[in-house]
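The data block below is query30.cif; it holds mmCIF, C-alpha atoms.
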```cif
data_entry
loop_
_atom_site.label_atom_id
_atom_site.label_comp_id
_atom_site.auth_asym_id
_atom_site.auth_seq_id
_atom_site.Cartn_x
_atom_site.Cartn_y
_atom_site.Cartn_z
CA MET C 38 7.11 83.67 -74.32
CA ARG C 39 6.06 84.73 -77.80
CA PRO C 40 2.33 85.57 -77.99
CA ASP C 41 1.78 83.06 -80.77
CA ARG C 42 3.16 80.19 -78.74
CA ALA C 43 0.51 77.78 -77.52
CA VAL C 44 0.54 76.57 -73.94
CA GLY C 45 -1.14 73.22 -74.30
CA PRO C 46 -1.10 70.41 -76.85
CA GLU C 47 -4.62 70.94 -78.13
CA VAL C 48 -4.95 68.75 -81.18
CA GLY C 49 -8.13 67.87 -83.01
CA PRO C 50 -9.22 66.82 -86.46
CA THR C 51 -8.98 70.40 -87.76
CA SER C 52 -6.45 71.89 -85.30
CA LEU C 53 -2.69 72.04 -85.54
CA LEU C 54 -0.05 71.74 -82.86
CA GLN C 55 1.37 75.17 -82.12
CA PRO C 56 5.12 75.88 -81.75
CA GLY C 57 6.29 75.26 -78.21
CA ALA C 58 3.42 72.94 -77.36
CA PRO C 59 4.46 69.37 -76.46
CA LEU C 60 3.50 66.50 -78.70
CA PRO C 61 0.61 64.37 -77.46
CA ALA C 62 1.76 61.26 -75.61
CA LEU C 63 1.00 58.84 -78.44
CA HIS C 64 2.80 60.93 -81.06
CA ARG C 65 5.71 61.42 -78.67
CA ALA C 66 6.02 57.66 -78.24
CA VAL C 67 5.93 57.06 -82.01
CA LEU C 68 8.51 59.81 -82.50
CA GLY C 69 10.81 58.17 -79.97
CA LEU C 70 10.41 54.81 -81.68
CA SER C 71 11.11 56.46 -85.04
CA PHE C 72 14.41 57.85 -83.81
CA LEU C 73 15.23 54.47 -82.30
CA LEU C 74 14.57 52.88 -85.69
CA LEU C 75 16.79 55.47 -87.38
CA ALA C 76 19.58 54.66 -84.93
CA LEU C 77 19.17 50.94 -85.60
CA LEU C 78 19.17 51.46 -89.37
CA ALA C 79 22.32 53.57 -89.08
CA THR C 80 24.07 50.99 -86.88
CA ARG C 81 25.36 48.78 -89.63
CA GLN C 82 28.52 47.14 -90.83
CA VAL C 83 30.87 49.58 -92.52
CA GLY C 84 30.51 48.43 -96.10
CA SER C 85 31.16 51.52 -98.20
CA LEU C 86 33.62 50.74 -100.97
CA ASP C 87 35.13 54.22 -100.59
CA ILE C 88 35.85 54.17 -96.86
CA GLY C 89 39.32 52.65 -97.31
CA PHE C 90 40.30 55.46 -99.65
CA HIS C 91 38.89 58.09 -97.28
CA LEU C 92 40.72 56.62 -94.28
CA LYS C 93 44.03 56.35 -96.12
CA ALA C 94 43.75 59.89 -97.47
CA GLY C 95 42.95 61.16 -93.97
CA GLU C 96 45.93 59.30 -92.50
CA ARG C 97 48.27 60.80 -95.11
CA ILE C 98 47.00 64.29 -94.30
CA LEU C 99 47.45 63.75 -90.56
CA ASP C 100 50.92 62.27 -91.12
CA GLY C 101 52.06 65.52 -92.68
CA HIS C 102 51.94 64.62 -96.38
CA GLY C 103 49.66 67.57 -97.05
CA TRP C 104 46.53 67.70 -99.12
CA PRO C 105 46.47 65.37 -102.14
CA ARG C 106 47.46 67.08 -105.37
CA THR C 107 47.53 63.92 -107.47
CA ASP C 108 45.73 60.58 -107.17
CA PRO C 109 48.12 58.19 -105.37
CA PHE C 110 45.45 55.52 -104.88
CA THR C 111 44.65 54.77 -108.54
CA PHE C 112 47.64 52.89 -109.90
CA THR C 113 46.79 53.62 -113.54
CA VAL C 114 46.87 57.42 -113.12
CA PRO C 115 49.09 58.20 -110.11
CA ASP C 116 50.09 61.58 -111.58
CA HIS C 117 46.56 62.67 -112.48
CA PRO C 118 45.63 66.05 -110.90
CA TYR C 119 43.24 65.53 -108.00
CA VAL C 120 41.00 67.91 -106.04
CA ASP C 121 40.07 66.42 -102.68
CA THR C 122 37.09 68.44 -101.44
CA SER C 123 36.36 65.80 -98.77
CA TRP C 124 39.68 66.16 -96.96
CA GLY C 125 37.99 67.48 -93.80
CA TYR C 126 35.78 64.42 -93.49
CA GLN C 127 38.73 62.17 -94.27
CA ALA C 128 40.82 63.66 -91.49
CA LEU C 129 37.91 63.39 -89.06
CA ALA C 130 37.24 59.77 -90.05
CA ALA C 131 40.94 58.91 -89.67
CA VAL C 132 41.02 60.41 -86.16
CA VAL C 133 37.85 58.56 -85.12
CA HIS C 134 39.07 55.29 -86.63
CA GLY C 135 42.51 55.63 -85.07
CA THR C 136 40.98 56.33 -81.66
CA CYS C 137 37.91 54.08 -81.55
CA GLY C 138 38.33 51.71 -84.48
CA VAL C 139 35.52 50.69 -86.80
CA ASN C 140 32.93 51.03 -84.03
CA GLY C 141 33.86 54.70 -83.79
CA LEU C 142 32.98 55.19 -87.45
CA VAL C 143 29.61 53.54 -86.87
CA PHE C 144 28.86 55.76 -83.88
CA LEU C 145 29.90 58.83 -85.88
CA ASP C 146 27.42 57.88 -88.61
CA VAL C 147 24.64 57.31 -86.08
CA ALA C 148 25.31 60.68 -84.43
CA LEU C 149 25.25 62.55 -87.75
CA ILE C 150 22.07 60.87 -88.97
CA LEU C 151 20.22 61.49 -85.71
CA ALA C 152 21.43 65.11 -85.76
CA VAL C 153 20.00 65.58 -89.26
CA PHE C 154 16.55 64.30 -88.34
CA ALA C 155 16.57 66.16 -85.02
CA LEU C 156 17.21 69.39 -86.95
CA LEU C 157 14.38 68.54 -89.33
CA TYR C 158 12.06 67.96 -86.40
CA ARG C 159 13.06 71.25 -84.77
CA SER C 160 12.52 73.10 -88.06
CA ALA C 161 9.06 71.60 -88.46
CA ARG C 162 8.13 72.65 -84.92
CA LEU C 163 8.89 76.31 -85.59
CA ALA C 164 5.40 76.67 -87.06
CA PRO C 165 2.00 75.01 -86.51
CA VAL C 166 2.02 71.42 -87.68
CA ASP C 167 -0.18 68.37 -87.79
CA PRO C 168 1.47 66.03 -85.25
CA ALA C 169 0.48 62.84 -87.06
CA ALA C 170 1.88 64.12 -90.38
CA LEU C 171 5.01 65.31 -88.62
CA VAL C 172 5.81 61.92 -87.09
CA LEU C 173 4.75 59.77 -90.02
CA LEU C 174 6.59 61.82 -92.61
CA LEU C 175 9.70 61.93 -90.47
CA LEU C 176 9.59 58.15 -90.32
CA ALA C 177 8.89 57.88 -94.06
CA GLY C 178 11.82 60.16 -94.84
CA GLY C 179 14.10 58.05 -92.68
CA ILE C 180 13.11 54.84 -94.44
CA ALA C 181 13.40 56.49 -97.86
CA SER C 182 16.99 57.54 -97.13
CA GLU C 183 18.23 54.57 -95.08
CA MET C 184 20.07 53.00 -98.01
CA ARG C 185 22.46 55.98 -97.84
CA PHE C 186 23.21 55.52 -94.14
CA GLU C 187 26.85 54.72 -94.86
CA ALA C 188 30.24 55.93 -93.69
CA ARG C 189 30.58 58.63 -96.32
CA PRO C 190 31.30 62.38 -96.34
CA GLU C 191 27.84 63.14 -97.69
CA LEU C 192 26.51 62.68 -94.14
CA LEU C 193 28.23 65.94 -93.27
CA SER C 194 26.46 67.60 -96.20
CA TRP C 195 23.11 66.35 -94.89
CA THR C 196 23.90 67.85 -91.49
CA PHE C 197 25.13 71.19 -92.81
CA LEU C 198 22.20 71.55 -95.21
CA ALA C 199 19.67 70.81 -92.46
CA LEU C 200 21.39 73.39 -90.24
CA VAL C 201 21.42 76.06 -92.97
CA LEU C 202 17.73 75.49 -93.69
CA HIS C 203 16.89 75.66 -90.00
CA ILE C 204 18.62 79.04 -89.67
CA LEU C 205 16.90 80.35 -92.81
CA HIS C 206 13.51 79.23 -91.56
CA ARG C 207 14.00 80.93 -88.20
CA HIS C 208 15.04 84.10 -90.00
CA ALA C 209 11.99 83.96 -92.28
CA LEU C 210 9.70 83.66 -89.27
CA GLY C 211 11.30 86.67 -87.56
CA LEU C 212 12.85 84.54 -84.81
CA ARG C 213 16.34 85.10 -83.49
CA SER C 214 18.67 83.50 -86.01
CA PRO C 215 22.49 83.58 -86.11
CA LEU C 216 22.99 84.55 -89.74
CA TRP C 217 26.73 84.88 -89.11
CA ALA C 218 26.79 81.11 -88.60
CA LEU C 219 25.96 80.65 -92.30
CA ALA C 220 29.45 81.81 -93.26
CA ALA C 221 31.06 79.62 -90.61
CA ILE C 222 29.07 76.60 -91.78
CA HIS C 223 30.08 77.12 -95.42
CA LEU C 224 33.73 77.54 -94.47
CA VAL C 225 33.74 74.11 -92.83
CA TRP C 226 31.40 72.59 -95.43
CA ALA C 227 33.57 73.62 -98.39
CA ASN C 228 36.45 71.75 -96.76
CA ALA C 229 34.42 68.65 -95.95
CA HIS C 230 32.31 67.77 -99.00
CA SER C 231 31.58 69.08 -102.48
CA LEU C 232 27.84 69.55 -101.96
CA PHE C 233 28.37 72.88 -100.17
CA VAL C 234 26.87 74.43 -103.31
CA LEU C 235 23.45 73.26 -102.09
CA GLY C 236 23.85 75.71 -99.23
CA TRP C 237 24.36 78.44 -101.79
CA ALA C 238 21.22 77.29 -103.60
CA ALA C 239 19.24 77.49 -100.35
CA LEU C 240 20.49 81.02 -99.70
CA ALA C 241 19.70 82.15 -103.24
CA CYS C 242 16.19 80.70 -103.12
CA SER C 243 15.51 82.30 -99.76
CA LEU C 244 16.68 85.71 -101.01
CA ALA C 245 14.74 85.44 -104.27
CA GLY C 246 11.61 84.19 -102.55
CA THR C 247 11.71 86.99 -99.98
CA TRP C 248 12.05 89.55 -102.75
CA LEU C 249 9.09 88.08 -104.65
CA GLU C 250 6.99 88.11 -101.47
CA THR C 251 7.95 91.57 -100.18
CA ARG C 252 9.60 93.36 -103.15
CA ARG C 253 12.44 94.17 -100.74
CA VAL C 254 15.99 92.85 -100.55
CA ASP C 255 16.89 91.21 -97.25
CA ARG C 256 20.17 93.08 -96.78
CA ALA C 257 21.29 91.12 -93.73
CA LEU C 258 20.77 87.78 -95.42
CA LEU C 259 22.34 89.05 -98.64
CA GLY C 260 25.46 90.17 -96.77
CA TRP C 261 25.94 86.87 -94.97
CA GLY C 262 25.06 84.99 -98.15
CA LEU C 263 27.86 86.74 -100.02
CA ALA C 264 30.18 85.97 -97.10
CA SER C 265 29.15 82.31 -97.36
CA VAL C 266 30.20 82.30 -101.00
CA ALA C 267 33.48 84.08 -100.31
CA VAL C 268 34.64 81.79 -97.49
CA ALA C 269 34.25 78.72 -99.73
CA PHE C 270 37.38 79.89 -101.58
CA ILE C 271 39.35 79.35 -98.36
CA ASN C 272 40.33 75.78 -99.12
CA PRO C 273 43.58 74.04 -100.12
CA TYR C 274 42.69 74.20 -103.82
CA GLY C 275 41.32 77.75 -104.07
CA TRP C 276 39.02 78.33 -107.03
CA LYS C 277 39.52 74.77 -108.24
CA GLY C 278 37.94 73.46 -105.04
CA VAL C 279 34.96 75.75 -105.60
CA ALA C 280 34.64 74.73 -109.24
CA PHE C 281 34.85 71.00 -108.52
CA PRO C 282 31.11 70.49 -107.69
CA PHE C 283 30.19 71.96 -111.06
CA THR C 284 32.65 69.64 -112.77
CA LEU C 285 31.11 66.74 -110.88
CA ALA C 286 27.69 67.70 -112.25
CA THR C 287 28.78 66.53 -115.69
CA ARG C 288 28.93 62.97 -114.32
CA PHE C 289 25.13 62.87 -114.10
CA GLN C 290 24.58 62.82 -117.85
CA GLU C 291 23.20 59.51 -119.06
CA GLN C 292 25.95 58.98 -121.61
CA ASN C 293 28.70 59.54 -119.04
CA VAL C 294 30.55 56.34 -118.08
CA PHE C 295 30.37 57.24 -114.36
CA SER C 296 26.62 57.71 -114.51
CA GLN C 297 26.29 54.28 -116.07
CA SER C 298 28.43 52.45 -113.55
CA ILE C 299 28.28 54.28 -110.19
CA GLY C 300 25.12 53.61 -108.19
CA GLU C 301 24.94 56.95 -106.39
CA PHE C 302 24.90 58.79 -109.72
CA ILE C 303 21.76 56.94 -110.81
CA SER C 304 18.52 58.85 -110.32
CA PRO C 305 15.99 57.20 -108.00
CA PHE C 306 13.43 57.95 -110.70
CA ALA C 307 15.40 56.04 -113.34
CA LEU C 308 16.73 53.14 -111.29
CA LYS C 309 15.83 49.82 -112.94
CA PHE C 310 15.70 47.26 -110.18
CA SER C 311 15.73 44.17 -112.38
CA GLU C 312 18.47 45.27 -114.75
CA GLN C 313 21.26 47.55 -113.53
CA PHE C 314 20.91 47.26 -109.76
CA PRO C 315 18.71 44.26 -108.96
CA PHE C 316 19.60 44.10 -105.27
CA TYR C 317 18.74 47.63 -104.18
CA PRO C 318 15.91 47.59 -101.62
CA ARG C 319 12.65 48.48 -103.31
CA VAL C 320 10.83 50.01 -100.34
CA PRO C 321 13.15 53.03 -99.86
CA ILE C 322 13.19 53.84 -103.59
CA VAL C 323 9.42 53.50 -104.04
CA LEU C 324 8.78 55.48 -100.86
CA PHE C 325 11.12 58.22 -102.01
CA ARG C 326 9.27 58.47 -105.31
CA ILE C 327 5.96 58.77 -103.47
CA LEU C 328 7.31 61.50 -101.19
CA ALA C 329 8.76 63.37 -104.16
CA ALA C 330 5.40 63.24 -105.95
CA LEU C 331 3.61 64.58 -102.88
CA VAL C 332 6.11 67.43 -102.65
CA VAL C 333 5.19 68.42 -106.21
CA VAL C 334 1.52 68.37 -105.23
CA ALA C 335 2.31 70.59 -102.22
CA LEU C 336 3.77 73.24 -104.50
CA VAL C 337 0.28 74.18 -105.73
CA PRO C 338 -1.08 75.59 -102.44
CA LEU C 339 2.34 77.01 -101.60
CA PHE C 340 2.34 79.03 -104.79
CA ARG C 341 -1.26 80.08 -104.26
CA HIS C 342 -0.34 81.44 -100.83
CA ARG C 343 2.75 83.24 -102.20
CA ARG C 344 5.29 81.12 -100.33
CA PHE C 345 7.80 81.59 -103.08
CA SER C 346 10.88 80.75 -101.02
CA ALA C 347 9.58 77.25 -100.43
CA CYS C 348 8.56 76.84 -104.06
CA LEU C 349 11.92 78.02 -105.36
CA LEU C 350 13.95 75.87 -102.99
CA GLY C 351 12.05 72.79 -104.02
CA GLN C 352 13.32 73.10 -107.59
CA PRO C 353 17.12 72.76 -107.20
CA LEU C 354 16.77 70.04 -104.58
CA HIS C 355 14.24 68.16 -106.69
CA LEU C 356 16.46 68.56 -109.75
CA HIS C 357 19.41 67.25 -107.75
CA SER C 358 17.43 64.19 -106.69
CA LYS C 359 16.42 63.59 -110.29
CA TYR C 360 20.04 62.93 -111.21
CA HIS C 361 21.56 61.87 -107.93
CA ARG C 362 20.70 59.72 -104.91
CA ARG C 363 22.88 61.36 -102.28
CA LEU C 364 20.20 63.62 -100.87
CA ASP C 365 17.35 61.18 -100.39
CA ASP C 366 16.66 62.77 -96.99
CA THR C 367 17.30 66.41 -97.75
CA THR C 368 15.21 67.17 -100.83
CA ARG C 369 12.47 68.37 -98.61
CA GLN C 370 13.32 70.83 -95.91
CA ARG C 371 12.13 74.24 -97.02
CA LEU C 372 8.42 73.63 -97.47
CA GLU C 373 8.23 75.00 -93.93
CA ASP C 374 4.93 76.27 -92.60
CA ARG C 375 5.36 80.00 -93.17
CA PRO C 376 2.39 82.37 -93.39
CA PRO C 377 2.29 84.09 -96.80
CA ASP C 378 2.17 87.74 -95.81
CA ARG C 379 4.48 90.46 -97.05
CA GLY C 380 7.32 91.68 -94.88
CA ARG C 381 8.10 89.95 -91.60
CA HIS C 382 5.73 87.05 -91.26
CA ASP C 383 2.81 87.31 -88.84
CA THR C 384 2.31 83.84 -87.44
CA ASN C 385 -1.23 84.78 -86.33
CA GLN C 386 -2.44 85.31 -89.90
CA LYS C 387 -5.21 82.86 -90.79
CA TRP C 388 -5.49 80.80 -93.93
CA PRO C 389 -8.65 79.01 -94.99
CA GLN C 390 -8.80 76.02 -92.65
CA LYS C 391 -8.93 73.40 -95.41
CA ASP C 392 -5.93 74.87 -97.23
CA ARG C 393 -3.98 75.33 -94.01
CA HIS C 394 -4.41 71.71 -92.98
CA TYR C 395 -3.69 70.37 -96.49
CA THR C 396 -0.62 72.51 -97.11
CA ARG C 397 0.91 71.99 -93.69
CA SER C 398 0.53 68.25 -93.90
CA LEU C 399 2.20 68.04 -97.32
CA SER C 400 4.77 70.72 -96.56
CA CYS C 401 6.11 68.56 -93.77
CA LEU C 402 7.68 66.49 -96.54
CA PHE C 403 10.44 69.05 -96.79
CA ASP C 404 10.92 68.81 -93.05
CA GLU C 405 10.80 65.12 -92.44
CA GLY C 406 13.63 63.78 -94.57
CA GLY C 407 11.99 63.09 -97.89
CA ALA C 408 15.62 64.35 -98.62
CA THR C 409 16.94 63.62 -97.01
#
```
Using the file provided, produce a representation of the structure as structure tokens.
Amino acid sequence: MRPDRAVGPEVGPTSLLQPGAPLPALHRAVLGLSFLLLALLATRQVGSLDIGFHLKAGERILDGHGWPRTDPFTFTVPDHPYVDTSWGYQALAAVVHGTCGVNGLVFLDVALILAVFALLYRSARLAPVDPAALVLLLLAGGIASEMRFEARPELLSWTFLALVLHILHRHALGLRSPLWALAAIHLVWANAHSLFVLGWAALACSLAGTWLETRRVDRALLGWGLASVAVAFINPYGWKGVAFPFTLATRFQEQNVFSQSIGEFISPFALKFSEQFPFYPRVPIVLFRILAALVVVALVPLFRHRRFSACLLGQPLHLHSKYHRRLDDTTRQRLEDRPPDRGRHDTNQKWPQKDRHYTRSLSCLFDEGGAT
């Protein structure tokens, strides 16, 4: 057992739950109910307008027609060049649907969503944490992102991003971490959904933050980070598949016709409930805005304690959420509770008690699905 691991669940008004210590009974019960609520919210009728396209594309791939090169599903532009970065999800969805029907798709969504929040919980428990903040913010993140609990390939991006951030956090704390898995994750991710570039952003922020904190380059992480970039080119479309996410970024501009008509391209900070999208649930959007504001507040003590990796990672994910609603539950994960020393982090280092409690409570926002 690591020397910094606590044996018992001592929790008080100024104490934090140590890694490895079990949650108190009450918090454990609320956590269980929170995951039950997440499962119930994810168990919904398949209503995504895109699922028919994804299933048909997956069936064509499995039937031996190869990867789409043109758009056969839009009758006005059947010869238009098409880059299908979600082909992996489409093939998976087609297999699940062909085997288990629509219920199989629902169970797949539930499994992915629960996996995302389980990874967030495990990441938060790698360092001392306030148990009440942990449970409540996990629940808040789930509610803030529930409107995106749909049968869509972005669920794979949520899962992969949560897994990448978990590995990076373990590495930052000096725990055993399979850095080689980063390349494997990005190989699969680049063939499943276009948001694999967020994994690159996480790697870049971690490397830059470590250098700012220690003035040393993390050679192991740099090597596997470069491998993660290289393997993304192993896809049916080569460099075009890698370039597609950057092309997609142009759709977020306000004057773009897609940004004006496609709900997921509307920023949660700009959504006008009574005009463009009057029927979107208000609670998730308002709660997301509150969580995002608290994350900004948390950046102040993080910067003061030289936790630059967390500060840097908050920027691309926050910028992404400004223009895009797909990551309502993942714009949060890297405000992990990491002591701010130089070199490998000593988890016994003490911060001023007031700052430690304040920062750890707010930093849970990046661990509890605010995100998303």
Return as a short mmCIF file (atom, residue, chain, number, x, y, z; two decimals) with C-alpha atoms, in the frame of the given file the set of residues that the PyMOL selection byres ((chain C and resi 97-101) around 12) yields on the displayed structure.
```cif
data_model
loop_
_atom_site.label_atom_id
_atom_site.label_comp_id
_atom_site.auth_asym_id
_atom_site.auth_seq_id
_atom_site.Cartn_x
_atom_site.Cartn_y
_atom_site.Cartn_z
CA PHE C 90 40.30 55.46 -99.65
CA HIS C 91 38.89 58.09 -97.28
CA LEU C 92 40.72 56.62 -94.28
CA LYS C 93 44.03 56.35 -96.12
CA ALA C 94 43.75 59.89 -97.47
CA GLY C 95 42.95 61.16 -93.97
CA GLU C 96 45.93 59.30 -92.50
CA HIS C 102 51.94 64.62 -96.38
CA GLY C 103 49.66 67.57 -97.05
CA TRP C 104 46.53 67.70 -99.12
CA PRO C 105 46.47 65.37 -102.14
CA ARG C 106 47.46 67.08 -105.37
CA PRO C 109 48.12 58.19 -105.37
CA PHE C 110 45.45 55.52 -104.88
CA ASP C 121 40.07 66.42 -102.68
CA SER C 123 36.36 65.80 -98.77
CA TRP C 124 39.68 66.16 -96.96
CA GLY C 125 37.99 67.48 -93.80
CA TYR C 126 35.78 64.42 -93.49
CA GLN C 127 38.73 62.17 -94.27
CA ALA C 128 40.82 63.66 -91.49
CA LEU C 129 37.91 63.39 -89.06
CA ALA C 130 37.24 59.77 -90.05
CA ALA C 131 40.94 58.91 -89.67
CA VAL C 132 41.02 60.41 -86.16
CA GLY C 135 42.51 55.63 -85.07
CA PRO C 273 43.58 74.04 -100.12
#
```
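For the pair atom CA of C:Gly57 and atom CA of C:Gly69, the interatomic distance is 17.8 Å.
Closest approach to C:Pro56 among C:Leu324, C:Val153, C:Val201, C:Val166 is made by C:Val166 (distances from all atoms listed in the file).
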Between atom CA of C:Asn228 and atom CA of C:Gly262 - distance in Å to one decimal: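 Taking atom CA of C:Gly262 as the start and atom CA of C:Asn228 as the end point, the length is 17.5 Å.
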Top pick for closest residue to C:Leu75, considering C:Leu171, C:Ile180, C:Ala286, C:Leu157 and counting all atoms listed in the file: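 Under the stated criterion, the closest residue is C:Ile180.
Of the residues listed (C:Phe281, C:Trp226, C:Trp195, C:Leu145), C:Phe281 shows the shortest atom-to-atom separation from C:Tyr119; distances use only C-alpha atoms.
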Excluding stretch 77-85 of chain C and any residue of its chain fewer than 2 positions from it, enumerate the residues within 8 Å of it, using all atoms listed in the file, and give them as a PyMOL selection string. chain C and resi 73-75+87-88+139+142-144+146-147+150+183+186-189
Calculate how many Å separate atom CA of C:Phe112 from atom CA of C:Leu86, rounding to one decimal. 16.8 Å
Excluding C:Thr107 and residues on its chain fewer than 3 positions from it, collect all residues at most 8 Å away from it, counting only C-alpha atoms, and give them as an MDAnalysis selection string. chainID C and resid 115:120
Export of prior selection with C-alpha atoms as a CSV table (one decimal), keeping the file's coordinate frame:
```
chain,number,residue,atom,x,y,z
C,115,PRO,CA,49.1,58.2,-110.1
C,116,ASP,CA,50.1,61.6,-111.6
C,117,HIS,CA,46.6,62.7,-112.5
C,118,PRO,CA,45.6,66.0,-110.9
C,119,TYR,CA,43.2,65.5,-108.0
C,120,VAL,CA,41.0,67.9,-106.0
```
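Once the PyMOL selection byres ((chain C and resi 244-254) around 10) is applied to this file, the selection holds Leu205, Ala209, Ala238, Ala239, Leu240, Ala241, Cys242, Ser243, Asp255, Arg256, Ala257, Leu258, Leu259, Gly262, His342, Arg343, Arg344, Phe345, Ser346, Ala347, Cys348, Leu349, Leu350, Pro377, Asp378, Arg379, Gly380 and Arg381 of chain C.
Residues in contact with C:Ala218 at up to 9 Å, not including ones fewer than 3 positions away on its chain and judged by all atoms listed in the file, are Val201, Ile204, Ser214, Pro215, Ala221, Ile222, His223 and Trp261 of chain C.
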Could you list the residues chosen by the PyMOL selection byres ((chain C and resi 53) around 6) in this structure as a tab-separated table (two decimals) with C-alpha atoms, in the coordinates of the input?
```tsv
chain	number	residue	atom	x	y	z
C	48	VAL	CA	-4.95	68.75	-81.18
C	52	SER	CA	-6.45	71.89	-85.30
C	54	LEU	CA	-0.05	71.74	-82.86
C	165	PRO	CA	2.00	75.01	-86.51
C	166	VAL	CA	2.02	71.42	-87.68
C	167	ASP	CA	-0.18	68.37	-87.79
```
Kindly indicate which residue among C:Ile271, C:Ala181, C:Leu175, C:Val337 lies nearest to C:Pro321, using all atoms listed in the file for the distances. C:Ala181
Atoms are missing here; could stretch 265-278 of chain C be completed with N, CA and C atoms and written as a compact mmCIF listing (two decimals), keeping the file's coordinate frame?
```
# COMPACT_ATOMS: atom_id res chain seq x y z
N SER C 265 29.14 83.77 -97.27
CA SER C 265 29.15 82.31 -97.36
C SER C 265 29.76 81.84 -98.67
N VAL C 266 29.57 82.63 -99.72
CA VAL C 266 30.20 82.30 -101.00
C VAL C 266 31.70 82.56 -100.94
N ALA C 267 32.07 83.68 -100.34
CA ALA C 267 33.48 84.08 -100.31
C ALA C 267 34.33 83.09 -99.51
N VAL C 268 33.82 82.65 -98.36
CA VAL C 268 34.64 81.79 -97.49
C VAL C 268 34.89 80.42 -98.12
N ALA C 269 34.05 80.03 -99.08
CA ALA C 269 34.25 78.72 -99.73
C ALA C 269 35.57 78.68 -100.49
N PHE C 270 36.10 79.84 -100.87
CA PHE C 270 37.38 79.89 -101.58
C PHE C 270 38.56 79.66 -100.64
N ILE C 271 38.29 79.64 -99.33
CA ILE C 271 39.35 79.35 -98.36
C ILE C 271 39.44 77.84 -98.21
N ASN C 272 40.12 77.22 -99.12
CA ASN C 272 40.33 75.78 -99.12
C ASN C 272 41.68 75.50 -99.76
N PRO C 273 42.23 74.31 -99.61
CA PRO C 273 43.58 74.04 -100.12
C PRO C 273 43.73 74.18 -101.63
N TYR C 274 42.62 74.19 -102.36
CA TYR C 274 42.69 74.20 -103.82
C TYR C 274 42.19 75.50 -104.42
N GLY C 275 41.77 76.46 -103.56
CA GLY C 275 41.32 77.75 -104.07
C GLY C 275 40.11 77.63 -104.98
N TRP C 276 40.17 78.32 -106.12
CA TRP C 276 39.02 78.33 -107.03
C TRP C 276 38.74 76.96 -107.61
N LYS C 277 39.75 76.11 -107.72
CA LYS C 277 39.52 74.77 -108.24
C LYS C 277 38.64 73.95 -107.29
N GLY C 278 38.80 74.16 -106.00
CA GLY C 278 37.94 73.46 -105.04
C GLY C 278 36.50 73.93 -105.15
```
